[in-house]
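**Student:** target14.cif is reproduced in full below (mmCIF, C-alpha atoms).
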data_start
loop_
_atom_site.label_atom_id
_atom_site.label_comp_id
_atom_site.auth_asym_id
_atom_site.auth_seq_id
_atom_site.Cartn_x
_atom_site.Cartn_y
_atom_site.Cartn_z
CA MET A 1 -44.41 -62.36 224.52
CA ASP A 2 -40.86 -63.18 223.48
CA LYS A 3 -39.42 -61.11 220.64
CA ILE A 4 -36.22 -60.38 218.78
CA VAL A 5 -34.98 -56.79 218.78
CA ILE A 6 -32.68 -55.57 216.03
CA TYR A 7 -30.87 -52.26 215.71
CA THR A 8 -29.24 -51.42 212.37
CA ASP A 9 -27.30 -48.64 210.71
CA GLY A 10 -25.51 -48.02 207.44
CA SER A 11 -22.71 -45.73 206.38
CA SER A 12 -20.87 -44.73 203.25
CA ARG A 13 -17.84 -42.51 202.80
CA GLY A 14 -19.02 -40.66 199.76
CA ASN A 15 -22.25 -41.47 198.04
CA PRO A 16 -21.16 -43.64 196.30
CA GLY A 17 -18.04 -44.67 198.14
CA PRO A 18 -16.77 -47.28 200.55
CA GLY A 19 -19.60 -48.30 202.85
CA GLY A 20 -20.53 -50.49 205.77
CA TYR A 21 -23.45 -51.74 207.81
CA GLY A 22 -23.79 -52.61 211.47
CA ALA A 23 -26.47 -54.55 213.32
CA LEU A 24 -27.22 -55.64 216.86
CA LEU A 25 -29.56 -58.57 217.43
CA MET A 26 -31.01 -59.16 220.88
CA TRP A 27 -33.10 -62.02 222.19
CA GLY A 28 -33.53 -62.18 225.93
CA GLU A 29 -30.05 -61.93 227.44
CA LYS A 30 -28.31 -62.86 224.18
CA MET A 31 -26.76 -60.21 221.91
CA LYS A 32 -24.96 -60.58 218.60
CA GLU A 33 -23.14 -57.93 216.54
CA LEU A 34 -22.84 -58.01 212.75
CA SER A 35 -20.98 -55.76 210.35
CA GLY A 36 -19.69 -55.79 206.80
CA ALA A 37 -18.12 -53.48 204.25
CA TYR A 38 -18.34 -52.83 200.51
CA ARG A 39 -15.82 -51.00 198.35
CA LYS A 40 -18.35 -48.89 196.41
CA THR A 41 -21.95 -48.43 197.51
CA THR A 42 -24.40 -45.89 198.94
CA ASN A 43 -25.68 -45.04 202.38
CA ASN A 44 -29.23 -46.21 201.57
CA ARG A 45 -27.93 -49.56 200.29
CA MET A 46 -26.00 -50.07 203.52
CA GLU A 47 -29.01 -49.10 205.65
CA LEU A 48 -31.09 -51.72 203.87
CA LEU A 49 -28.34 -54.32 203.77
CA GLY A 50 -27.94 -54.08 207.56
CA VAL A 51 -31.59 -55.11 207.91
CA ILE A 52 -31.21 -57.93 205.39
CA LYS A 53 -28.07 -59.36 206.98
CA ALA A 54 -29.67 -59.23 210.43
CA LEU A 55 -32.78 -61.08 209.22
CA LEU A 56 -30.67 -63.69 207.43
CA SER A 57 -28.93 -64.51 210.71
CA ILE A 58 -32.18 -65.30 212.59
CA LYS A 59 -33.14 -68.93 213.08
CA LYS A 60 -36.27 -68.45 215.26
CA ARG A 61 -38.76 -67.42 212.60
CA GLU A 62 -41.79 -67.76 214.88
CA LEU A 63 -40.78 -64.81 217.10
CA PRO A 64 -41.93 -61.28 216.26
CA ILE A 65 -39.13 -58.92 215.26
CA HIS A 66 -38.81 -55.24 216.13
CA ILE A 67 -36.28 -53.38 214.00
CA TYR A 68 -34.94 -49.99 215.11
CA THR A 69 -33.16 -47.86 212.55
CA ASP A 70 -32.41 -44.20 211.91
CA SER A 71 -33.18 -44.67 208.22
CA LYS A 72 -36.49 -43.10 207.28
CA TYR A 73 -35.87 -44.50 203.81
CA VAL A 74 -36.11 -48.05 205.15
CA VAL A 75 -38.84 -47.47 207.74
CA GLU A 76 -41.19 -45.51 205.48
CA SER A 77 -40.65 -47.76 202.45
CA VAL A 78 -41.95 -50.71 204.45
CA GLU A 79 -44.36 -49.20 206.96
CA LYS A 80 -46.05 -46.87 204.44
CA LYS A 81 -46.28 -49.76 201.94
CA TRP A 82 -44.23 -47.96 199.29
CA LEU A 83 -42.31 -51.20 198.70
CA ASP A 84 -45.53 -53.08 197.88
CA ASN A 85 -46.31 -50.51 195.19
CA TRP A 86 -42.75 -50.57 193.82
CA ILE A 87 -42.97 -54.34 193.45
CA LYS A 88 -46.38 -54.13 191.73
CA THR A 89 -44.99 -51.60 189.22
CA ASP A 90 -41.60 -53.34 188.84
CA PHE A 91 -39.89 -50.31 190.35
CA LYS A 92 -41.18 -48.04 187.58
CA GLY A 93 -39.79 -44.53 187.54
CA GLY A 94 -36.26 -45.58 188.42
CA LYS A 95 -36.77 -46.54 192.07
CA LYS A 96 -33.35 -47.47 193.38
CA ASN A 97 -32.01 -50.59 195.06
CA LYS A 98 -34.42 -52.99 193.38
CA ASP A 99 -32.09 -55.96 193.97
CA LEU A 100 -31.92 -55.34 197.73
CA TRP A 101 -35.61 -54.52 198.10
CA LEU A 102 -36.58 -57.76 196.36
CA GLN A 103 -34.17 -59.66 198.60
CA TYR A 104 -35.64 -57.97 201.69
CA HIS A 105 -39.21 -58.71 200.54
CA LYS A 106 -38.44 -62.41 200.04
CA ILE A 107 -36.75 -62.75 203.45
CA ALA A 108 -39.29 -60.62 205.34
CA GLY A 109 -42.13 -62.88 204.26
CA ALA A 110 -40.89 -65.48 206.76
CA PHE A 111 -41.21 -63.10 209.72
CA THR A 112 -43.56 -60.76 211.54
CA ILE A 113 -41.68 -57.45 211.48
CA LYS A 114 -42.38 -54.02 212.95
CA PHE A 115 -40.07 -51.11 212.14
CA HIS A 116 -39.33 -48.23 214.51
CA TRP A 117 -37.51 -45.04 213.55
CA VAL A 118 -34.96 -43.67 216.01
CA LYS A 119 -33.11 -40.38 215.78
CA GLY A 120 -29.58 -40.97 214.55
CA HIS A 121 -26.49 -39.67 216.33
CA ALA A 122 -28.55 -38.96 219.43
CA ASN A 123 -28.43 -40.52 222.88
CA ASN A 124 -29.50 -44.05 221.93
CA PRO A 125 -26.52 -46.25 222.84
CA LEU A 126 -27.69 -49.20 220.71
CA ASN A 127 -28.13 -47.06 217.60
CA ASN A 128 -24.78 -45.41 218.33
CA ARG A 129 -23.11 -48.83 218.55
CA CYS A 130 -24.53 -49.77 215.16
CA ASP A 131 -23.18 -46.50 213.77
CA GLU A 132 -19.73 -47.40 215.16
CA LEU A 133 -19.88 -50.84 213.57
CA ALA A 134 -20.98 -49.41 210.21
CA THR A 135 -18.42 -46.61 210.07
CA GLN A 136 -15.56 -48.85 211.24
CA ALA A 137 -16.46 -51.35 208.53
CA ALA A 138 -16.68 -48.61 205.89
CA ASP A 139 -13.31 -47.19 206.95
CA ASN A 140 -11.37 -50.40 207.53
CA GLY A 141 -12.91 -53.18 205.43
CA PRO A 142 -12.29 -55.84 204.38
CA TRP A 143 -14.43 -54.63 201.50
CA GLU A 144 -16.66 -56.92 199.49
CA ILE A 145 -17.92 -56.02 196.03
CA ASP A 146 -21.51 -54.75 195.78
CA ALA A 147 -21.76 -56.39 192.36
CA ALA A 148 -25.31 -55.29 191.52
CA PHE A 149 -24.55 -51.66 192.38
CA GLU A 150 -21.24 -51.57 190.53
CA ALA A 151 -22.76 -53.23 187.45
CA ALA A 152 -25.53 -50.62 187.40
CA GLN A 153 -22.94 -47.84 187.61
CA ALA A 154 -20.87 -49.16 184.67
#
Can you present the structure in this file as structure tokens?

**Tutor:**
Amino acid sequence: MDKIVIYTDGSSRGNPGPGGYGALLMWGEKMKELSGAYRKTTNNRMELLGVIKALLSIKKRELPIHIYTDSKYVVESVEKKWLDNWIKTDFKGGKKNKDLWLQYHKIAGAFTIKFHWVKGHANNPLNNRCDELATQAADNGPWEIDAAFEAAQA
């Protein structure tokens, strides 16, 4: 069966600090790279935002999607159904990144998604490329404003 494969990674220089995400999307022989940067954010926000931005760029919603990431935060939140519970309890107990998790949940409903955890900074060239994209974005910008995060920090 045809499928879309996505690799993602996030980075921040300081936590919080300047951050970036990187994503690779593959469908058959086609490959697309995405990256972006924010002036003040966290690593977990960038890990999740990489997934969101990748999903937003997909037009073929009928194909199953396999997402590979080195973020246990992202993988376990979805695969272990923690996110479902956070939504039911309106993120009670101060669960972080509510804005991004709600955005992910809304977008993900249009797809069939399976997450896979990969060891970061190992010998996976696709994960390593995402790390390069994320760290280059974090280091070099241009930086957008993570308005929800910065407002919560004020």

**Student:** Which residues fall under the PyMOL selection byres ((chain A and resi 7-20) around 9) in this file, as JSON, numbers by chain?

**Tutor:** {"A": [5, 6, 21, 22, 23, 24, 25, 26, 35, 36, 37, 38, 39, 40, 41, 42, 43, 44, 45, 46, 47, 48, 49, 50, 51, 54, 66, 67, 68, 69, 70, 71, 120, 126, 127, 128, 129, 130, 131, 132, 133, 134, 135, 136, 137, 138, 139, 141, 143]}

**Student:** Once 4 Å is added on each side, what are the centre and the three edge lengths, in Å to one decimal, of the axis-aligned box enclosing the listed atoms of range 68-76 of chain A? Present them as lines of an AutoDock Vina configuration file.

**Tutor:**
center_x = -36.8
center_y = -46.5
center_z = 209.5
size_x = 16.8
size_y = 14.9
size_z = 19.3

**Student:** I'd like the residues picked by the PyMOL selection byres ((chain A and resi 65) around 7) written out as a list in words, using the chain letters and numbers from the file.

**Tutor:** Lys3, Ile4, Val5, Leu63, Pro64, His66, Ile67, Thr112, Ile113 and Lys114 of chain A

**Student:** Please report the interatomic distance between CA of Asp84 in chain A and CA of Ile107 in chain A in Å with one decimal.

**Tutor:**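 Taking CA of Asp84 in chain A and CA of Ile107 in chain A, their separation equals 14.2 Å.
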
**Student:** Using all atoms listed in the file, which residue out of A:Lys88, A:Val118, A:Leu34, A:Ala147 lies closest to Leu55 in chain A?

**Tutor:**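 So, comparing all the options, the nearest one is A:Leu34.
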
**Student:** At what distance in Å, to one decimal, does CA of Glu76 in chain A lie from CA of Thr89 in chain A?

**Tutor:**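 Separation of CA of Thr89 in chain A and CA of Glu76 in chain A: 17.8 Å.
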
**Student:** Out of A:Asn140, A:Asn124, A:Gln153, A:Ser57, which residue has the shortest atom-to-atom distance to Lys96 in chain A when counting all atoms listed in the file?

**Tutor:**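 Of the candidates, the smallest distance to Lys96 in chain A is held by A:Gln153.
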
**Student:** Give the answer as one residue: which of A:Asp99, A:Lys32, A:Lys92, A:Leu83 has the shortest atom-to-atom distance to Phe149 in chain A, using only C-alpha atoms?

**Tutor:**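 Of the candidates, the smallest distance to Phe149 in chain A is held by A:Asp99.
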
**Student:** Kindly indicate which residue among A:Ile58, A:Trp86, A:Lys95, A:Lys72 lies nearest to Ala110 in chain A, using all atoms listed in the file for the distances.

**Tutor:** A:Ile58

**Student:** How far is it from CA of Tyr104 in chain A to CA of Ala151 in chain A, in Å with one decimal?

**Tutor:**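 Spanning CA of Tyr104 in chain A to CA of Ala151 in chain A is a straight-line distance of 19.8 Å.
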
**Student:** Restore N, CA and C atoms in range 81-93 of chain A and list the result as a compact mmCIF listing (two decimals), in the frame of the given file.

**Tutor:**
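Output contents, as saved in selection-v2.txt:
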# COMPACT_ATOMS: atom_id res chain seq x y z
N LYS A 81 -45.93 -48.86 203.05
CA LYS A 81 -46.28 -49.76 201.94
C LYS A 81 -45.79 -49.28 200.58
N TRP A 82 -44.79 -48.39 200.57
CA TRP A 82 -44.23 -47.96 199.29
C TRP A 82 -43.63 -49.16 198.56
N LEU A 83 -42.95 -50.04 199.30
CA LEU A 83 -42.31 -51.20 198.70
C LEU A 83 -43.33 -52.07 197.96
N ASP A 84 -44.50 -52.27 198.55
CA ASP A 84 -45.53 -53.08 197.88
C ASP A 84 -45.87 -52.49 196.52
N ASN A 85 -46.00 -51.18 196.45
CA ASN A 85 -46.31 -50.51 195.19
C ASN A 85 -45.14 -50.61 194.21
N TRP A 86 -43.92 -50.46 194.70
CA TRP A 86 -42.75 -50.57 193.82
C TRP A 86 -42.69 -51.96 193.19
N ILE A 87 -43.00 -52.97 193.98
CA ILE A 87 -42.97 -54.34 193.45
C ILE A 87 -44.06 -54.52 192.40
N LYS A 88 -45.27 -54.02 192.69
CA LYS A 88 -46.38 -54.13 191.73
C LYS A 88 -46.05 -53.46 190.40
N THR A 89 -45.31 -52.35 190.44
CA THR A 89 -44.99 -51.60 189.22
C THR A 89 -43.59 -51.91 188.70
N ASP A 90 -42.96 -52.96 189.22
CA ASP A 90 -41.60 -53.34 188.84
C ASP A 90 -40.63 -52.16 188.96
N PHE A 91 -40.79 -51.41 190.03
CA PHE A 91 -39.89 -50.31 190.35
C PHE A 91 -39.87 -49.23 189.27
N LYS A 92 -41.03 -49.04 188.64
CA LYS A 92 -41.18 -48.04 187.58
C LYS A 92 -40.75 -46.66 188.09
N GLY A 93 -40.21 -45.88 187.18
CA GLY A 93 -39.79 -44.53 187.54
C GLY A 93 -38.38 -44.48 188.11
